[in-house]
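Report on one structure; see the data block that follows.
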Amino acid sequence: MEKEEGETTTTIGVVPAAPAKLPTPIYSLSFWEVTAASGVVLGFILGLVCVYLTMPQSDYSFLKLPRNLEDLQILRDNLEIYTSDYTVQVLVGYCLVYVFMQTFMIPGTVFMSLLAGALFGVVKGMALVVSTATAGASSCYFLSKLIGRPLLLSLWPDKLVFFQDQVARRKDRLLNYMLFLRLTPTLPNTFINVASPLVDVPYHIFFLATFIGLIPAAFVTVRAGLALGELKSLGDLYDFSSMATLCLIGVLSVTPTLIGKKQA
């Protein structure tokens with residue numbers, strides 16, 4: 001039927017539906033990837049069993065990962081008895097536990113750093129913490145290169161994209177950037193360990209930045225371990241003196257890289 005002149009019509013608009021949000025993809029590990037990760041875990045367990053078998057018969061119920069300062073003081077008091085007569089076993093056991101925690105991103109390594117200072121002093125404790133922390137980070141780096149991508153894409157896809165973009169922009173001065181990340185809380189150390197091989201950070205850059213960048217924090221925690229009984233909380237680690245020392249060592253750690261860049 002034809003519309004008469006002057007007749008108005010109303011057009012009913014259809015509001016387009018919002019695009020459906022795509023579900024987060026679920027990634028799974030292959031049989032060989034699970035086997036490799038299980039093999040690493042088994043290797044650490046066998047190492048700890050070998051250490052245990054070389055120790056004298058005793059009650060070792062105190063041996064557990066410390067979760068607070070009270071647990072740490074109990075562990076320190078008991079291990080001091082064995083440190084002088086079974087130094088090698090204590091060192092090997094300490095290194096295995098620290099590297100295992102770093103490899104599988106288990107929280108609590110700050111307590112292990114405090115324990116190193118309490119048992120071995122500043123110099124030996126520093127050497128022990130920096131070397132084991134670097135070894136653990138390296139172990140995490142290579143394990144992530146094998147099985148880390150599914151984990152990161154499932155848990156932190158946005159953060160991984162951000163890190164990849166930053167690394168790509170700083171290829172010419174990547175060591176400076178990685179040192180900056182290690183010396184500041186810009187990104188968590190555990191994330192850096194897992195994500196670095198997936199965003200094409202070369203291992204030699206990763207190793208140097210880790211080894212140098214961990215020195216300031218290691219110094220603060222190891223030195224605090226000498227007075228473990230006086231600590232009331234982890235917040236006591238970072239008083240004004242400790243923060244000033246941390247900043248000074250951080251500047252000294254970065255200076256050689258900056259001088260080399262300037263000369264180049």
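How things are named: the first chain in the structure tokens is A, the next is B, and so on; residues count from 1 in each chain; ligands count from 1 in the order shown.
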
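For Ala118 (chain A), the set of protein, DNA and RNA residues having any atom at most 8 Å away, when counting only C-alpha atoms and skipping those fewer than 5 positions along the same chain, is Arg76, Val222, Gly225, Leu226, Ala227 and Leu228 of chain A.
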
Filtering to N, CA and C atoms, could you give me those residues as an mmCIF file, in the first residue's frame?
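Written output follows (selection-v4.cif):
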data_model
loop_
_atom_site.group_PDB
_atom_site.id
_atom_site.type_symbol
_atom_site.label_atom_id
_atom_site.label_comp_id
_atom_site.auth_asym_id
_atom_site.auth_seq_id
_atom_site.Cartn_x
_atom_site.Cartn_y
_atom_site.Cartn_z
ATOM 1 N N ARG A 76 68.326 -22.424 61.614
ATOM 2 C CA ARG A 76 69.701 -21.947 61.850
ATOM 3 C C ARG A 76 70.312 -22.598 63.087
ATOM 4 N N VAL A 222 72.193 -11.075 53.259
ATOM 5 C CA VAL A 222 73.236 -11.880 53.904
ATOM 6 C C VAL A 222 73.774 -11.159 55.134
ATOM 7 N N GLY A 225 71.516 -11.487 57.991
ATOM 8 C CA GLY A 225 71.518 -12.815 58.593
ATOM 9 C C GLY A 225 72.461 -12.944 59.769
ATOM 10 N N LEU A 226 73.470 -12.068 59.855
ATOM 11 C CA LEU A 226 74.391 -12.090 60.992
ATOM 12 C C LEU A 226 73.682 -11.754 62.293
ATOM 13 N N ALA A 227 72.638 -10.934 62.204
ATOM 14 C CA ALA A 227 71.867 -10.535 63.385
ATOM 15 C C ALA A 227 70.439 -11.060 63.265
ATOM 16 N N LEU A 228 70.333 -12.330 62.922
ATOM 17 C CA LEU A 228 69.022 -12.915 62.655
ATOM 18 C C LEU A 228 68.093 -12.805 63.860
#

Q. Leaving out Val201 (chain A) and any residue of its chain fewer than 4 positions from it, which residues lie within 12 Å of it when counting only C-alpha atoms, given as a PyMOL selection string?
A. chain A and resi 141-142+145+163-168+170-175+177-178+192-197+205-209

Q.
Between CA of Leu152 (chain A) and CA of Phe180 (chain A), what distance in Å does the model show, to one decimal?
A. 22.0 Å

Q: Skip Val92 (chain A) itself and residues of its chain fewer than 6 positions away, then list as a list in words all residues within 10 Å of it, counting only C-alpha atoms.
A: Gly47, Leu48, Cys50, Val51 and Tyr98 of chain A

Q) Neighbours of region 131-140 of chain A within 6 Å (only C-alpha atoms; same-chain residues fewer than 6 positions away dropped), as a ChimeraX atom specification? A) /A:95,99,102-103,193,211

Could you write those residues out with all heavy atoms, as a PDB file, in the first residue's frame?
ATOM      1  N   CYS A  95      72.768 -25.628  48.513  1.00  0.00           N
ATOM      2  CA  CYS A  95      72.778 -25.258  47.092  1.00  0.00           C
ATOM      3  C   CYS A  95      71.650 -25.946  46.327  1.00  0.00           C
ATOM      4  O   CYS A  95      70.975 -25.319  45.496  1.00  0.00           O
ATOM      5  CB  CYS A  95      74.123 -25.621  46.465  1.00  0.00           C
ATOM      6  SG  CYS A  95      75.508 -24.628  47.059  1.00  0.00           S
ATOM      7  N   VAL A  99      68.727 -23.765  44.499  1.00  0.00           N
ATOM      8  CA  VAL A  99      68.573 -23.863  43.044  1.00  0.00           C
ATOM      9  C   VAL A  99      67.199 -24.439  42.688  1.00  0.00           C
ATOM     10  O   VAL A  99      66.546 -23.980  41.743  1.00  0.00           O
ATOM     11  CB  VAL A  99      69.693 -24.729  42.434  1.00  0.00           C
ATOM     12  CG1 VAL A  99      69.448 -24.982  40.951  1.00  0.00           C
ATOM     13  CG2 VAL A  99      71.044 -24.042  42.616  1.00  0.00           C
ATOM     14  N   GLN A 102      64.602 -21.680  43.074  1.00  0.00           N
ATOM     15  CA  GLN A 102      64.689 -20.720  41.976  1.00  0.00           C
ATOM     16  C   GLN A 102      64.169 -21.316  40.667  1.00  0.00           C
ATOM     17  O   GLN A 102      63.498 -20.645  39.897  1.00  0.00           O
ATOM     18  CB  GLN A 102      66.141 -20.276  41.793  1.00  0.00           C
ATOM     19  CG  GLN A 102      66.644 -19.284  42.825  1.00  0.00           C
ATOM     20  CD  GLN A 102      66.162 -17.869  42.553  1.00  0.00           C
ATOM     21  OE1 GLN A 102      65.029 -17.514  42.830  1.00  0.00           O
ATOM     22  NE2 GLN A 102      67.027 -17.044  42.005  1.00  0.00           N
ATOM     23  N   THR A 103      64.486 -22.574  40.435  1.00  0.00           N
ATOM     24  CA  THR A 103      64.089 -23.222  39.186  1.00  0.00           C
ATOM     25  C   THR A 103      62.569 -23.283  39.052  1.00  0.00           C
ATOM     26  O   THR A 103      62.017 -23.012  37.979  1.00  0.00           O
ATOM     27  CB  THR A 103      64.664 -24.638  39.107  1.00  0.00           C
ATOM     28  OG1 THR A 103      66.097 -24.564  39.153  1.00  0.00           O
ATOM     29  CG2 THR A 103      64.254 -25.331  37.815  1.00  0.00           C
ATOM     30  N   ASN A 193      63.027 -14.601  34.870  1.00  0.00           N
ATOM     31  CA  ASN A 193      63.679 -15.895  34.651  1.00  0.00           C
ATOM     32  C   ASN A 193      62.927 -16.744  33.634  1.00  0.00           C
ATOM     33  O   ASN A 193      63.532 -17.376  32.763  1.00  0.00           O
ATOM     34  CB  ASN A 193      63.778 -16.659  35.975  1.00  0.00           C
ATOM     35  CG  ASN A 193      64.674 -15.973  36.984  1.00  0.00           C
ATOM     36  OD1 ASN A 193      65.471 -15.103  36.642  1.00  0.00           O
ATOM     37  ND2 ASN A 193      64.531 -16.342  38.247  1.00  0.00           N
ATOM     38  N   PHE A 211      73.843 -12.190  37.466  1.00  0.00           N
ATOM     39  CA  PHE A 211      74.961 -12.287  38.406  1.00  0.00           C
ATOM     40  C   PHE A 211      75.274 -10.929  39.041  1.00  0.00           C
ATOM     41  O   PHE A 211      75.433 -10.814  40.260  1.00  0.00           O
ATOM     42  CB  PHE A 211      76.194 -12.827  37.681  1.00  0.00           C
ATOM     43  CG  PHE A 211      77.363 -13.087  38.590  1.00  0.00           C
ATOM     44  CD1 PHE A 211      77.453 -14.293  39.269  1.00  0.00           C
ATOM     45  CD2 PHE A 211      78.361 -12.135  38.771  1.00  0.00           C
ATOM     46  CE1 PHE A 211      78.529 -14.545  40.118  1.00  0.00           C
ATOM     47  CE2 PHE A 211      79.431 -12.381  39.616  1.00  0.00           C
ATOM     48  CZ  PHE A 211      79.515 -13.592  40.288  1.00  0.00           C
TER      49      PHE A 211
END

Q.
Let me make sure I understand: among A:Leu146, A:Leu187, A:Val161, A:Val130, which one has the smallest atom-to-atom distance to Phe219 (chain A) if we use only C-alpha atoms?
A.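 Nearest candidate to Phe219 (chain A) out of A:Leu146, A:Leu187, A:Val161, A:Val130: A:Val130.
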
Q. Nearest to Pro107 (chain A): which of A:Thr221, A:Ser84, A:Thr190, A:Thr210 is it, counting only C-alpha atoms?
A. A:Thr190

Q.
When you look at region 32-36 of chain A with a cut-off of 10 Å (counting only C-alpha atoms), what residues show up, excluding the ones that are within fewer than 6 positions of it in the same chain? I need them as a ChimeraX atom specification.
A. /A:42,143,146-148

Q. Between CA of Phe44 (chain A) and CA of Leu79 (chain A), what is the distance, to one decimal in Å?
A.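 Rounded to one decimal, the two atoms are 20.1 Å apart.
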
(Q) One decimal, in Å: what's the spacing between CA of Ser233 (chain A) and CA of Gly117 (chain A)? (A) 16.4 Å

Q: Point out the residue among A:Pro157, A:Leu115, A:Phe191, A:Val41 with the least atom-to-atom distance to Ser144 (chain A), counting only C-alpha atoms.
A: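 Among A:Pro157, A:Leu115, A:Phe191, A:Val41, it is A:Phe191 that comes nearest to Ser144 (chain A).
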
Q: Go through A:Ile215, A:Ile45, A:Val199, A:Leu119 one by one, measure the shortest atom-to-atom distance of each to Leu160 (chain A) using only C-alpha atoms, and give the residue with the smallest value.
A: A:Val199

(Q) Restricting the calculation to only C-alpha atoms: of A:Asp200, A:Tyr60, A:Tyr86, A:Gly125, which residue gets closest to Ile74 (chain A)? (A)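 Smallest separation from Ile74 (chain A) among the options: A:Tyr60.
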
Q: Enumerate the residues of region 57-199 of chain A with a DSSP assignment of alpha helix (DSSP H), computed from the backbone, and present them as a PyMOL selection string.
A: chain A and resi 69-83+87-103+109-155+157-169+174-183+189-195

Q.
Env of Val129 (chain A): 8 Å cut, atoms = only C-alpha atoms, seq-sep filter 5 positions within chain, self excluded. Answer as a ChimeraX atom specification.
A. /A:113,116,218

Selection above as a file: N, CA and C atoms, as a CSV table (one decimal), in the first residue's frame:
chain,number,residue,atom,x,y,z
A,113,SER,N,68.7,-16.7,51.9
A,113,SER,CA,69.8,-15.8,51.8
A,113,SER,C,70.1,-15.4,53.3
A,116,ALA,N,72.2,-18.1,54.8
A,116,ALA,CA,73.6,-18.1,54.4
A,116,ALA,C,74.4,-17.2,55.2
A,218,ALA,N,71.5,-9.3,47.6
A,218,ALA,CA,72.2,-10.4,48.3
A,218,ALA,C,73.0,-9.9,49.5

(Q) Under the rule that only C-alpha atoms are counted, which of A:Leu183, A:Leu72, A:Val40, A:Met55 is the nearest residue to Leu114 (chain A)? (A)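 Of A:Leu183, A:Leu72, A:Val40, A:Met55, the one nearest Leu114 (chain A), counting only C-alpha atoms, is A:Leu72.
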